[in-house]
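**Q** My structure is stored as data20.cif, with mmCIF, C-alpha atoms.
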data_structure
#
loop_
_atom_site.group_PDB
_atom_site.id
_atom_site.type_symbol
_atom_site.label_atom_id
_atom_site.label_comp_id
_atom_site.auth_asym_id
_atom_site.auth_seq_id
_atom_site.Cartn_x
_atom_site.Cartn_y
_atom_site.Cartn_z
ATOM 1 C CA MET J 698 11.565 -29.696 -25.053
ATOM 2 C CA GLN J 699 8.570 -27.355 -25.141
ATOM 3 C CA ILE J 700 8.599 -23.943 -23.462
ATOM 4 C CA LEU J 701 5.094 -22.888 -22.483
ATOM 5 C CA LYS J 702 3.509 -20.132 -20.427
ATOM 6 C CA PRO J 703 0.696 -21.043 -17.989
ATOM 7 C CA GLU J 704 -2.028 -19.830 -20.341
ATOM 8 C CA GLU J 705 -0.521 -21.866 -23.180
ATOM 9 C CA LEU J 706 -0.460 -24.963 -20.988
ATOM 10 C CA ARG J 707 -4.113 -24.456 -20.048
ATOM 11 C CA GLU J 708 -5.027 -24.168 -23.711
ATOM 12 C CA LYS J 709 -2.959 -27.169 -24.778
ATOM 13 C CA PHE J 710 -3.872 -29.593 -21.957
ATOM 14 C CA LYS J 711 -7.536 -29.830 -20.941
ATOM 15 C CA ASP J 712 -7.513 -33.450 -19.815
ATOM 16 C CA PRO J 713 -9.646 -34.444 -16.790
ATOM 17 C CA TRP J 714 -6.610 -35.806 -14.930
ATOM 18 C CA ILE J 715 -4.916 -32.394 -14.722
ATOM 19 C CA ALA J 716 -5.631 -30.413 -11.522
ATOM 20 C CA PRO J 717 -3.807 -27.053 -11.711
ATOM 21 C CA TYR J 718 -1.869 -25.800 -8.703
ATOM 22 C CA LYS J 719 -3.209 -22.469 -7.453
ATOM 23 C CA LYS J 720 0.042 -20.557 -6.834
ATOM 24 C CA ILE J 721 3.814 -21.104 -6.589
ATOM 25 C CA ILE J 722 6.263 -18.760 -4.827
ATOM 26 C CA THR J 723 10.052 -19.060 -4.564
ATOM 27 C CA MET J 724 12.219 -17.100 -2.122
ATOM 28 C CA VAL J 725 16.022 -17.046 -2.184
ATOM 29 C CA ASP J 726 18.575 -16.589 0.607
ATOM 30 C CA ASN J 727 22.129 -17.199 -0.678
ATOM 31 C CA ASP J 728 22.181 -20.910 -1.636
ATOM 32 C CA LEU J 729 18.844 -21.686 0.033
ATOM 33 C CA VAL J 730 15.471 -21.583 -1.703
ATOM 34 C CA GLU J 731 12.098 -21.779 0.011
ATOM 35 C CA ILE J 732 9.357 -23.040 -2.297
ATOM 36 C CA ILE J 733 5.697 -22.525 -1.432
ATOM 37 C CA GLU J 734 3.190 -24.410 -3.566
ATOM 38 C CA HIS J 735 -0.587 -24.103 -3.208
ATOM 39 C CA HIS J 736 -1.815 -27.573 -4.128
ATOM 40 C CA PRO J 737 -5.311 -28.071 -5.608
ATOM 41 C CA CYS J 738 -6.148 -30.584 -2.849
ATOM 42 C CA ILE J 739 -5.937 -30.123 0.920
ATOM 43 C CA SER J 740 -5.026 -33.236 2.883
ATOM 44 C CA GLY J 741 -4.321 -35.081 -0.356
ATOM 45 C CA SER J 742 -1.325 -32.828 -0.781
ATOM 46 C CA HIS J 743 0.354 -34.482 2.208
ATOM 47 C CA TRP J 744 1.459 -37.274 -0.137
ATOM 48 C CA MET J 745 3.945 -34.786 -1.617
ATOM 49 C CA ILE J 746 5.415 -33.933 1.777
ATOM 50 C CA TYR J 747 6.084 -37.603 2.419
ATOM 51 C CA GLN J 748 7.445 -38.485 -1.030
ATOM 52 C CA TYR J 749 9.592 -35.482 -1.947
ATOM 53 C CA PRO J 750 12.157 -35.569 0.917
ATOM 54 C CA ARG J 751 12.491 -39.362 0.530
ATOM 55 C CA THR J 752 13.357 -38.955 -3.134
ATOM 56 C CA SER J 753 15.459 -35.785 -3.375
ATOM 57 C CA LYS J 754 18.642 -34.919 -1.466
ATOM 58 C CA LEU J 755 18.152 -31.247 -2.357
ATOM 59 C CA ILE J 756 15.236 -30.973 0.060
ATOM 60 C CA LEU J 757 16.382 -30.044 3.569
ATOM 61 C CA LYS J 758 12.952 -29.691 5.139
ATOM 62 C CA ALA J 759 9.321 -30.107 4.081
ATOM 63 C CA LYS J 760 6.006 -29.361 5.769
ATOM 64 C CA ARG J 761 2.354 -28.900 4.901
ATOM 65 C CA ASP J 762 0.096 -26.070 6.007
ATOM 66 C CA GLY J 763 -3.400 -26.765 4.737
ATOM 67 C CA ASN J 764 -2.993 -27.160 0.998
ATOM 68 C CA ARG J 765 0.409 -25.444 0.965
ATOM 69 C CA HIS J 766 3.634 -27.398 0.498
ATOM 70 C CA ILE J 767 6.629 -25.593 1.952
ATOM 71 C CA TYR J 768 10.017 -26.956 0.872
ATOM 72 C CA LEU J 769 13.380 -25.675 2.077
ATOM 73 C CA THR J 770 15.944 -26.666 -0.548
ATOM 74 C CA LYS J 771 19.543 -26.040 -1.406
ATOM 75 C CA THR J 772 20.618 -25.097 -4.909
ATOM 76 C CA GLY J 773 22.225 -27.751 -7.072
ATOM 77 C CA LYS J 774 21.415 -30.884 -9.002
ATOM 78 C CA THR J 775 20.875 -34.489 -7.906
ATOM 79 C CA HIS J 776 19.957 -37.826 -9.434
ATOM 80 C CA LEU J 777 16.490 -39.143 -8.589
ATOM 81 C CA ASN J 778 16.168 -42.904 -8.301
ATOM 82 C CA LEU J 779 12.458 -42.947 -9.067
ATOM 83 C CA ARG J 780 10.601 -46.071 -7.927
ATOM 84 C CA ALA J 781 6.835 -46.538 -8.006
ATOM 85 C CA SER J 782 5.257 -46.042 -4.563
ATOM 86 C CA LEU J 783 8.630 -45.888 -2.773
ATOM 87 C CA ASN J 784 10.296 -42.832 -4.359
ATOM 88 C CA ALA J 785 7.684 -41.629 -6.798
ATOM 89 C CA ALA J 786 8.525 -37.933 -7.195
ATOM 90 C CA GLY J 787 11.017 -35.263 -6.250
ATOM 91 C CA ILE J 788 13.123 -32.245 -7.176
ATOM 92 C CA GLU J 789 16.204 -32.973 -9.225
ATOM 93 C CA GLU J 790 17.528 -29.440 -9.766
ATOM 94 C CA VAL J 791 17.259 -25.973 -8.207
ATOM 95 C CA THR J 792 18.961 -23.108 -10.030
ATOM 96 C CA VAL J 793 18.944 -19.389 -9.214
ATOM 97 C CA THR J 794 19.761 -16.666 -11.716
ATOM 98 C CA LYS J 795 19.612 -12.903 -11.293
ATOM 99 C CA ASP J 796 15.814 -12.640 -11.273
ATOM 100 C CA GLU J 797 14.499 -16.198 -11.708
ATOM 101 C CA VAL J 798 14.378 -19.555 -9.950
ATOM 102 C CA LYS J 799 14.243 -22.788 -11.940
ATOM 103 C CA VAL J 800 13.039 -25.935 -10.178
ATOM 104 C CA VAL J 801 13.086 -29.220 -12.076
ATOM 105 C CA HIS J 802 10.478 -31.731 -10.884
ATOM 106 C CA ALA J 803 10.222 -35.361 -11.946
ATOM 107 C CA GLY J 804 7.741 -38.066 -11.061
ATOM 108 C CA LEU J 805 6.120 -41.305 -12.066
ATOM 109 C CA ALA J 806 2.517 -41.651 -13.267
ATOM 110 C CA GLY J 807 0.247 -39.036 -11.633
ATOM 111 C CA ALA J 808 3.221 -37.459 -9.875
ATOM 112 C CA GLY J 809 4.723 -36.854 -13.302
ATOM 113 C CA VAL J 810 1.564 -35.074 -14.404
ATOM 114 C CA GLY J 811 1.870 -32.915 -11.276
ATOM 115 C CA ALA J 812 5.517 -32.215 -12.045
ATOM 116 C CA ALA J 813 4.693 -30.860 -15.453
ATOM 117 C CA MET J 814 1.200 -29.631 -16.306
ATOM 118 C CA CYS J 815 -0.381 -29.133 -12.867
ATOM 119 C CA ARG J 816 2.400 -26.916 -11.528
ATOM 120 C CA GLY J 817 2.870 -25.123 -14.818
ATOM 121 C CA MET J 818 -0.658 -23.718 -14.734
ATOM 122 C CA ALA J 819 -0.225 -22.056 -11.336
ATOM 123 C CA LYS J 820 -0.340 -18.349 -10.644
ATOM 124 C CA GLY J 821 3.196 -17.037 -10.138
ATOM 125 C CA VAL J 822 4.746 -19.276 -12.790
ATOM 126 C CA LYS J 823 6.485 -17.443 -15.630
ATOM 127 C CA ARG J 824 6.938 -20.453 -17.891
ATOM 128 C CA VAL J 825 7.572 -24.177 -17.949
ATOM 129 C CA GLU J 826 10.220 -26.145 -19.771
ATOM 130 C CA LEU J 827 8.351 -29.363 -20.519
ATOM 131 C CA TYR J 828 10.731 -32.281 -21.045
ATOM 132 C CA ASP J 829 8.445 -35.319 -20.601
ATOM 133 C CA VAL J 830 4.660 -35.159 -20.279
ATOM 134 C CA GLY J 831 4.295 -38.240 -18.080
ATOM 135 C CA GLY J 832 1.139 -40.047 -16.983
ATOM 136 C CA GLY J 833 0.380 -43.764 -16.813
ATOM 137 C CA SER J 834 3.659 -45.642 -16.383
ATOM 138 C CA LYS J 835 5.747 -42.832 -17.886
ATOM 139 C CA VAL J 836 8.062 -40.351 -16.170
ATOM 140 C CA GLY J 837 7.044 -36.711 -16.246
ATOM 141 C CA ARG J 838 9.730 -34.027 -16.039
ATOM 142 C CA ALA J 839 9.501 -30.265 -16.204
ATOM 143 C CA ALA J 840 11.292 -27.131 -15.068
ATOM 144 C CA VAL J 841 9.061 -24.582 -13.358
ATOM 145 C CA ILE J 842 10.442 -21.046 -13.674
ATOM 146 C CA THR J 843 9.252 -18.425 -11.180
ATOM 147 C CA PRO J 844 10.365 -14.915 -10.167
ATOM 148 C CA ARG J 845 13.143 -14.663 -7.595
ATOM 149 C CA LEU J 846 11.678 -13.229 -4.397
ATOM 150 C CA GLU J 847 13.060 -12.552 -0.913
ATOM 151 C CA LYS J 848 11.592 -13.355 2.492
ATOM 152 C CA VAL J 849 10.925 -10.572 4.992
ATOM 153 C CA ILE J 850 9.523 -11.191 8.472
ATOM 154 C CA ILE J 851 8.088 -8.263 10.423
ATOM 155 C CA GLY J 852 7.534 -8.605 14.170
ATOM 156 C CA ILE J 853 4.905 -6.282 15.672
ATOM 157 C CA ASP J 854 3.966 -5.625 19.296
ATOM 158 C CA ASP J 855 2.211 -3.209 21.635
ATOM 159 C CA THR J 856 -0.508 -1.711 19.451
ATOM 160 C CA ASP J 857 -3.445 -1.948 21.862
ATOM 161 C CA THR J 858 -4.411 -0.732 25.342
ATOM 162 C CA LYS J 859 -6.094 -2.413 28.307
ATOM 163 C CA ASP J 860 -9.425 -1.005 27.125
ATOM 164 C CA LYS J 861 -9.333 -1.330 23.357
ATOM 165 C CA GLY J 862 -7.641 -2.950 20.382
ATOM 166 C CA ALA J 863 -5.986 -6.260 19.437
ATOM 167 C CA THR J 864 -2.503 -6.583 17.980
ATOM 168 C CA TRP J 865 -3.221 -9.825 16.113
ATOM 169 C CA THR J 866 -6.195 -8.386 14.202
ATOM 170 C CA LEU J 867 -4.507 -5.075 13.420
ATOM 171 C CA ALA J 868 -1.394 -6.871 12.132
ATOM 172 C CA HIS J 869 -3.471 -9.182 9.935
ATOM 173 C CA ASN J 870 -5.518 -6.346 8.485
ATOM 174 C CA ILE J 871 -2.333 -4.470 7.639
ATOM 175 C CA GLY J 872 -1.054 -7.610 5.885
ATOM 176 C CA VAL J 873 -4.257 -7.838 3.863
ATOM 177 C CA GLU J 874 -4.064 -4.157 2.911
ATOM 178 C CA LEU J 875 -0.459 -4.574 1.791
ATOM 179 C CA SER J 876 -1.356 -7.631 -0.287
ATOM 180 C CA SER J 877 -3.781 -5.425 -2.236
ATOM 181 C CA GLU J 878 -0.825 -3.103 -2.900
ATOM 182 C CA GLY J 879 1.185 -5.907 -4.510
ATOM 183 C CA PHE J 880 3.128 -7.332 -1.552
ATOM 184 C CA GLU J 881 2.816 -11.110 -1.130
ATOM 185 C CA TYR J 882 1.411 -11.637 2.378
ATOM 186 C CA LEU J 883 2.366 -15.212 3.318
ATOM 187 C CA ASP J 884 1.730 -15.802 6.984
ATOM 188 C CA HIS J 885 0.605 -14.467 10.357
ATOM 189 C CA ILE J 886 1.996 -16.080 13.520
ATOM 190 C CA ILE J 887 0.752 -15.276 17.024
ATOM 191 C CA VAL J 888 3.493 -15.696 19.639
ATOM 192 C CA GLN J 889 2.556 -16.104 23.294
ATOM 193 C CA LEU J 890 4.867 -14.134 25.573
ATOM 194 C CA TYR J 891 5.439 -14.225 29.343
ATOM 195 C CA PRO J 892 1.905 -14.405 30.802
ATOM 196 C CA HIS J 893 2.844 -12.711 34.097
ATOM 197 C CA ASN J 894 4.307 -9.604 32.448
ATOM 198 C CA PRO J 895 3.130 -6.624 34.535
ATOM 199 C CA TYR J 896 3.127 -4.393 31.442
ATOM 200 C CA LYS J 897 0.807 -6.597 29.358
ATOM 201 C CA THR J 898 -2.596 -5.413 28.160
ATOM 202 C CA GLN J 899 -4.304 -8.811 28.425
ATOM 203 C CA ASN J 900 -3.181 -12.034 26.669
ATOM 204 C CA CYS J 901 0.399 -10.819 26.120
ATOM 205 C CA VAL J 902 1.050 -11.901 22.544
ATOM 206 C CA SER J 903 3.023 -10.440 19.656
ATOM 207 C CA VAL J 904 2.700 -11.120 15.934
ATOM 208 C CA ALA J 905 5.029 -11.953 13.056
ATOM 209 C CA LEU J 906 3.938 -11.135 9.511
ATOM 210 C CA THR J 907 5.794 -12.884 6.686
ATOM 211 C CA PHE J 908 6.056 -11.464 3.163
ATOM 212 C CA ALA J 909 7.673 -12.477 -0.110
ATOM 213 C CA VAL J 910 8.979 -9.354 -1.821
ATOM 214 C CA LYS J 911 10.699 -8.455 -5.043
ATOM 215 C CA PRO J 912 14.376 -7.569 -4.554
ATOM 216 C CA GLY J 913 14.722 -3.871 -3.836
ATOM 217 C CA THR J 914 11.176 -3.350 -2.498
ATOM 218 C CA GLN J 915 11.780 -4.169 1.173
ATOM 219 C CA GLU J 916 12.172 -0.533 2.243
ATOM 220 C CA GLU J 917 8.853 0.365 0.632
ATOM 221 C CA LEU J 918 7.188 -2.488 2.542
ATOM 222 C CA ILE J 919 8.635 -1.310 5.858
ATOM 223 C CA GLU J 920 7.649 2.305 5.204
ATOM 224 C CA ARG J 921 4.072 1.274 4.466
ATOM 225 C CA ILE J 922 3.846 -0.823 7.644
ATOM 226 C CA ILE J 923 5.165 2.044 9.756
ATOM 227 C CA GLU J 924 2.715 4.457 8.125
ATOM 228 C CA LYS J 925 -0.219 2.153 8.791
ATOM 229 C CA LEU J 926 0.823 1.489 12.379
ATOM 230 C CA LYS J 927 1.229 5.191 13.132
ATOM 231 C CA GLU J 928 -2.252 5.748 11.739
ATOM 232 C CA LYS J 929 -3.969 2.851 13.534
ATOM 233 C CA THR J 930 -2.083 1.995 16.759
ATOM 234 C CA LEU J 931 -3.650 2.887 20.101
ATOM 235 C CA SER J 932 -0.408 2.543 22.063
ATOM 236 C CA ASP J 933 2.576 4.793 22.717
ATOM 237 C CA LYS J 934 4.825 1.690 22.946
ATOM 238 C CA THR J 935 4.487 0.281 19.404
ATOM 239 C CA SER J 936 7.628 -1.135 17.738
ATOM 240 C CA ILE J 937 8.530 -3.445 14.883
ATOM 241 C CA ALA J 938 11.435 -5.800 14.194
ATOM 242 C CA ILE J 939 12.657 -6.700 10.687
ATOM 243 C CA PHE J 940 14.387 -9.912 9.594
ATOM 244 C CA ASN J 941 15.563 -10.685 6.058
ATOM 245 C CA GLY J 942 16.136 -14.307 5.215
ATOM 246 C CA ILE J 943 14.882 -17.854 5.519
ATOM 247 C CA LEU J 944 16.693 -19.500 8.448
ATOM 248 C CA ILE J 945 16.003 -18.119 11.925
ATOM 249 C CA PRO J 946 19.260 -17.831 13.962
ATOM 250 C CA GLU J 947 19.348 -20.200 16.941
ATOM 251 C CA LYS J 948 20.299 -17.352 19.268
ATOM 252 C CA LEU J 949 17.134 -15.494 18.262
ATOM 253 C CA ARG J 950 14.973 -18.569 18.822
ATOM 254 C CA GLU J 951 16.496 -18.984 22.286
ATOM 255 C CA TYR J 952 15.695 -15.350 23.079
ATOM 256 C CA SER J 953 12.084 -15.847 21.991
ATOM 257 C CA ILE J 954 11.617 -18.860 24.250
ATOM 258 C CA ARG J 955 13.185 -16.907 27.104
ATOM 259 C CA ALA J 956 10.669 -14.100 26.484
ATOM 260 C CA LYS J 957 7.901 -16.676 26.913
ATOM 261 C CA LYS J 958 9.239 -17.821 30.276
ATOM 262 C CA LYS J 959 10.388 -14.633 32.007
ATOM 263 C CA LEU J 960 10.432 -10.866 31.851
ATOM 264 C CA VAL J 961 13.112 -9.505 29.540
ATOM 265 C CA THR J 962 14.218 -5.915 29.023
ATOM 266 C CA VAL J 963 14.417 -3.594 26.051
ATOM 267 C CA ASP J 964 18.195 -3.484 26.469
ATOM 268 C CA GLU J 965 18.354 -7.272 26.222
ATOM 269 C CA ALA J 966 16.203 -7.239 23.083
ATOM 270 C CA ARG J 967 18.425 -4.609 21.487
ATOM 271 C CA LYS J 968 21.568 -6.591 22.300
ATOM 272 C CA ILE J 969 20.208 -9.795 20.749
ATOM 273 C CA ALA J 970 18.865 -7.932 17.708
ATOM 274 C CA GLU J 971 22.295 -6.445 17.021
ATOM 275 C CA GLU J 972 23.972 -9.837 17.362
ATOM 276 C CA VAL J 973 21.622 -11.615 14.929
ATOM 277 C CA GLY J 974 21.193 -8.781 12.429
ATOM 278 C CA VAL J 975 17.584 -7.807 13.134
ATOM 279 C CA GLN J 976 16.580 -4.163 12.751
ATOM 280 C CA LEU J 977 14.420 -2.692 15.526
ATOM 281 C CA ILE J 978 12.300 0.392 14.865
ATOM 282 C CA GLU J 979 10.303 2.440 17.348
ATOM 283 C CA VAL J 980 6.981 3.424 15.813
ATOM 284 C CA THR J 981 5.540 5.195 18.865
ATOM 285 C CA GLY J 982 7.758 3.780 21.633
ATOM 286 C CA ALA J 983 10.451 1.286 22.586
ATOM 287 C CA GLN J 984 8.656 -1.210 24.844
ATOM 288 C CA GLY J 985 7.224 -3.128 21.883
ATOM 289 C CA GLN J 986 10.718 -4.073 20.706
ATOM 290 C CA ILE J 987 10.792 -6.957 23.202
ATOM 291 C CA GLY J 988 7.779 -8.759 21.776
ATOM 292 C CA ALA J 989 8.371 -7.750 18.176
ATOM 293 C CA LEU J 990 11.788 -9.415 18.252
ATOM 294 C CA ALA J 991 10.401 -12.486 20.042
ATOM 295 C CA ALA J 992 7.749 -12.897 17.347
ATOM 296 C CA ILE J 993 10.401 -13.290 14.649
ATOM 297 C CA GLY J 994 12.315 -15.927 16.607
ATOM 298 C CA LEU J 995 9.352 -18.335 16.522
ATOM 299 C CA SER J 996 7.826 -17.340 13.199
ATOM 300 C CA ASP J 997 8.721 -20.733 11.715
ATOM 301 C CA ASP J 998 7.427 -22.836 14.626
ATOM 302 C CA VAL J 999 3.705 -22.359 15.210
ATOM 303 C CA ASP J 1000 3.477 -25.067 17.885
ATOM 304 C CA GLU J 1001 6.143 -23.476 20.066
ATOM 305 C CA ALA J 1002 4.878 -19.970 19.289
ATOM 306 C CA VAL J 1003 1.492 -20.495 20.942
ATOM 307 C CA LYS J 1004 2.734 -22.520 23.929
ATOM 308 C CA VAL J 1005 2.118 -21.036 27.368
ATOM 309 C CA TYR J 1006 4.782 -21.412 30.070
ATOM 310 C CA GLN J 1007 3.731 -21.126 33.719
ATOM 311 C CA ARG J 1008 5.989 -20.293 36.631
#
What does the file become when written as structure tokens?
**A**
Amino acid sequence: MQILKPEELREKFKDPWIAPYKKIITMVDNDLVEIIEHHPCISGSHWMIYQYPRTSKLILKAKRDGNRHIYLTKTGKTHLNLRASLNAAGIEEVTVTKDEVKVVHAGLAGAGVGAAMCRGMAKGVKRVELYDVGGGSKVGRAAVITPRLEKVIIGIDDTDTKDKGATWTLAHNIGVELSSEGFEYLDHIIVQLYPHNPYKTQNCVSVALTFAVKPGTQEELIERIIEKLKEKTLSDKTSIAIFNGILIPEKLREYSIRAKKKLVTVDEARKIAEEVGVQLIEVTGAQGQIGALAAIGLSDDVDEAVKVYQR
């Protein structure tokens, strides 16, 4: 076994059949791990989304967003019955320690090269335990070790007026600013709310921002978002909602769909938030709590998030 850092891998392997991944992020929630990998290819990366769940029982869910693979896995170890074309690559082990996540990949031929060298050169990787180099007809196996991060989803609503502003742009720009401060800004989801809401400014949408944060830095993230919203919002109804974790509670998802179909109240939002463990914070007012909470409930389902329901 060789233990190599990304820069050591890049120096050691300069072959033309190695295409380094751009970034790898791992977030932990009890015995669940969400892995985000930025593949060097775009649509070509979809091969991974097809192969990995077929091959590994540790993978509960897999999807592709552009060149990003997003795997929801459980911790543990499994045997991979690797077969060319049919089950060519997968994850055989996911282990979480105090501040690290170790993911063991294995694959045949080119998938083995991806398991070892390609992933090991990515930003976010601390080191790689290289067991088998792979390539050709050989199996490649490697453990990719990354920092243990946590997932935080921030719902935001009511930052504009009927005459000026846009919540989706303000939320995104805040996410970009926070990324320059060291917070990993992962996603921005626009959630369509009840289109006949008499209190709406125009399109009636709220926004969920997703971040990967180091353990213990969540409060700093929230404080910075509140500071930026107080500075930039145009509304006296601005609120945020905060969710820690990977799996969205079904009760919260149901609330979000209800908020797309009918008018709901602040009291109803507060009741649901308490039941599912979401923190609501008034920035300049309480009305935004309704949409901020609804944004979180559909933050993992972009197709449902944008859907418009008519009467």
**Q** Evaluate the PyMOL selection byres ((chain J and resi 764) around 9) against this structure - the residues, as a PDB file with C-alpha atoms, keeping the file's coordinate frame, please.
**A**
ATOM      1  CA  GLU J 734       3.190 -24.410  -3.566  1.00  0.00           C
ATOM      2  CA  HIS J 735      -0.587 -24.103  -3.208  1.00  0.00           C
ATOM      3  CA  HIS J 736      -1.815 -27.573  -4.128  1.00  0.00           C
ATOM      4  CA  PRO J 737      -5.311 -28.071  -5.608  1.00  0.00           C
ATOM      5  CA  CYS J 738      -6.148 -30.584  -2.849  1.00  0.00           C
ATOM      6  CA  ILE J 739      -5.937 -30.123   0.920  1.00  0.00           C
ATOM      7  CA  SER J 740      -5.026 -33.236   2.883  1.00  0.00           C
ATOM      8  CA  GLY J 741      -4.321 -35.081  -0.356  1.00  0.00           C
ATOM      9  CA  SER J 742      -1.325 -32.828  -0.781  1.00  0.00           C
ATOM     10  CA  HIS J 743       0.354 -34.482   2.208  1.00  0.00           C
ATOM     11  CA  ARG J 761       2.354 -28.900   4.901  1.00  0.00           C
ATOM     12  CA  ASP J 762       0.096 -26.070   6.007  1.00  0.00           C
ATOM     13  CA  GLY J 763      -3.400 -26.765   4.737  1.00  0.00           C
ATOM     14  CA  ARG J 765       0.409 -25.444   0.965  1.00  0.00           C
ATOM     15  CA  HIS J 766       3.634 -27.398   0.498  1.00  0.00           C
TER      16      HIS J 766
END
**Q** Could you list, as JSON, numbers by chain, every residue within 10 Å of Arg845 (chain J), counting only C-alpha atoms and ignoring same-chain residues fewer than 3 positions away?
**A** {"J": [722, 723, 724, 725, 730, 793, 794, 795, 796, 797, 798, 799, 842, 909, 910, 911, 912]}
**Q** Got a sec: who's within 12 Å of Lys709 (chain J), counting all atoms listed in the file, leaving out chain neighbours fewer than 6 positions off, as a PDB file with C-alpha atoms, in the coordinates of the input?
**A**
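Output (out-v8.pdb):
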ATOM      1  CA  GLN J 699       8.570 -27.355 -25.141  1.00  0.00           C
ATOM      2  CA  LEU J 701       5.094 -22.888 -22.483  1.00  0.00           C
ATOM      3  CA  LYS J 702       3.509 -20.132 -20.427  1.00  0.00           C
ATOM      4  CA  PRO J 703       0.696 -21.043 -17.989  1.00  0.00           C
ATOM      5  CA  ILE J 715      -4.916 -32.394 -14.722  1.00  0.00           C
ATOM      6  CA  MET J 814       1.200 -29.631 -16.306  1.00  0.00           C
ATOM      7  CA  GLY J 817       2.870 -25.123 -14.818  1.00  0.00           C
ATOM      8  CA  MET J 818      -0.658 -23.718 -14.734  1.00  0.00           C
ATOM      9  CA  VAL J 830       4.660 -35.159 -20.279  1.00  0.00           C
TER      10      VAL J 830
END
**Q** Name all residues at most 9 Å from Ile954 (chain J) (count all atoms listed in the file; drop same-chain ones fewer than 4 positions away) and give them as a PDB file with C-alpha atoms, in the coordinates of the input.
**A**
ATOM      1  CA  LEU J 890       4.867 -14.134  25.573  1.00  0.00           C
ATOM      2  CA  LEU J 949      17.134 -15.494  18.262  1.00  0.00           C
ATOM      3  CA  ARG J 950      14.973 -18.569  18.822  1.00  0.00           C
ATOM      4  CA  LYS J 958       9.239 -17.821  30.276  1.00  0.00           C
ATOM      5  CA  LYS J 959      10.388 -14.633  32.007  1.00  0.00           C
ATOM      6  CA  ALA J 991      10.401 -12.486  20.042  1.00  0.00           C
ATOM      7  CA  GLY J 994      12.315 -15.927  16.607  1.00  0.00           C
ATOM      8  CA  LEU J 995       9.352 -18.335  16.522  1.00  0.00           C
ATOM      9  CA  GLU J1001       6.143 -23.476  20.066  1.00  0.00           C
ATOM     10  CA  ALA J1002       4.878 -19.970  19.289  1.00  0.00           C
TER      11      ALA J1002
END
**Q** From the options J:Gly773, J:Gly988, J:Pro717, J:Gly852, which residue's atoms come nearest to Gln889 (chain J), counting all atoms listed in the file?
**A**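 Distance minimum relative to Gln889 (chain J) lands on J:Gly988.
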**Q** With only C-alpha atoms as the atoms that count, which of J:Val1005, J:Ile969, J:Leu944, J:Ile937 lies nearest to Ile851 (chain J)?
**A** J:Ile937
**Q** Would you mind listing, for every residue of region 896-935 of chain J within 7 Å of region 981-986 of chain J, the two atoms forming the shortest contact and the distance between them in Å to one decimal, using all atoms listed in the file, sorted by chain and ascending residue number, as JSON lines?
**A**
{"residue": "J:Asp933", "atom": "CA", "partner": "J:Thr981", "partner_atom": "CA", "distance": 4.9}
{"residue": "J:Lys934", "atom": "CA", "partner": "J:Gly982", "partner_atom": "CA", "distance": 3.8}
{"residue": "J:Thr935", "atom": "CA", "partner": "J:Gly985", "partner_atom": "CA", "distance": 5.0}
**Q** State, in Å with one decimal place, the distance from CA of Ile732 (chain J) to CA of Thr843 (chain J).
**A**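 One can read the CA of Ile732 (chain J) to CA of Thr843 (chain J) distance as 10.0 Å.
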**Q** With the file shown as input, list the residues that the PyMOL selection byres ((chain J and resi 980) around 12) selects, as a PDB file with C-alpha atoms, keeping the file's coordinate frame.
**A**
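Output below, filename selection38.pdb:
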ATOM      1  CA  ILE J 853       4.905  -6.282  15.672  1.00  0.00           C
ATOM      2  CA  ASP J 854       3.966  -5.625  19.296  1.00  0.00           C
ATOM      3  CA  ASP J 855       2.211  -3.209  21.635  1.00  0.00           C
ATOM      4  CA  THR J 856      -0.508  -1.711  19.451  1.00  0.00           C
ATOM      5  CA  ILE J 919       8.635  -1.310   5.858  1.00  0.00           C
ATOM      6  CA  GLU J 920       7.649   2.305   5.204  1.00  0.00           C
ATOM      7  CA  ARG J 921       4.072   1.274   4.466  1.00  0.00           C
ATOM      8  CA  ILE J 922       3.846  -0.823   7.644  1.00  0.00           C
ATOM      9  CA  ILE J 923       5.165   2.044   9.756  1.00  0.00           C
ATOM     10  CA  GLU J 924       2.715   4.457   8.125  1.00  0.00           C
ATOM     11  CA  LYS J 925      -0.219   2.153   8.791  1.00  0.00           C
ATOM     12  CA  LEU J 926       0.823   1.489  12.379  1.00  0.00           C
ATOM     13  CA  LYS J 927       1.229   5.191  13.132  1.00  0.00           C
ATOM     14  CA  GLU J 928      -2.252   5.748  11.739  1.00  0.00           C
ATOM     15  CA  LYS J 929      -3.969   2.851  13.534  1.00  0.00           C
ATOM     16  CA  THR J 930      -2.083   1.995  16.759  1.00  0.00           C
ATOM     17  CA  LEU J 931      -3.650   2.887  20.101  1.00  0.00           C
ATOM     18  CA  SER J 932      -0.408   2.543  22.063  1.00  0.00           C
ATOM     19  CA  ASP J 933       2.576   4.793  22.717  1.00  0.00           C
ATOM     20  CA  LYS J 934       4.825   1.690  22.946  1.00  0.00           C
ATOM     21  CA  THR J 935       4.487   0.281  19.404  1.00  0.00           C
ATOM     22  CA  SER J 936       7.628  -1.135  17.738  1.00  0.00           C
ATOM     23  CA  ILE J 937       8.530  -3.445  14.883  1.00  0.00           C
ATOM     24  CA  ALA J 938      11.435  -5.800  14.194  1.00  0.00           C
ATOM     25  CA  LEU J 977      14.420  -2.692  15.526  1.00  0.00           C
ATOM     26  CA  ILE J 978      12.300   0.392  14.865  1.00  0.00           C
ATOM     27  CA  GLU J 979      10.303   2.440  17.348  1.00  0.00           C
ATOM     28  CA  THR J 981       5.540   5.195  18.865  1.00  0.00           C
ATOM     29  CA  GLY J 982       7.758   3.780  21.633  1.00  0.00           C
ATOM     30  CA  ALA J 983      10.451   1.286  22.586  1.00  0.00           C
ATOM     31  CA  GLN J 984       8.656  -1.210  24.844  1.00  0.00           C
ATOM     32  CA  GLY J 985       7.224  -3.128  21.883  1.00  0.00           C
ATOM     33  CA  GLN J 986      10.718  -4.073  20.706  1.00  0.00           C
ATOM     34  CA  ALA J 989       8.371  -7.750  18.176  1.00  0.00           C
TER      35      ALA J 989
END
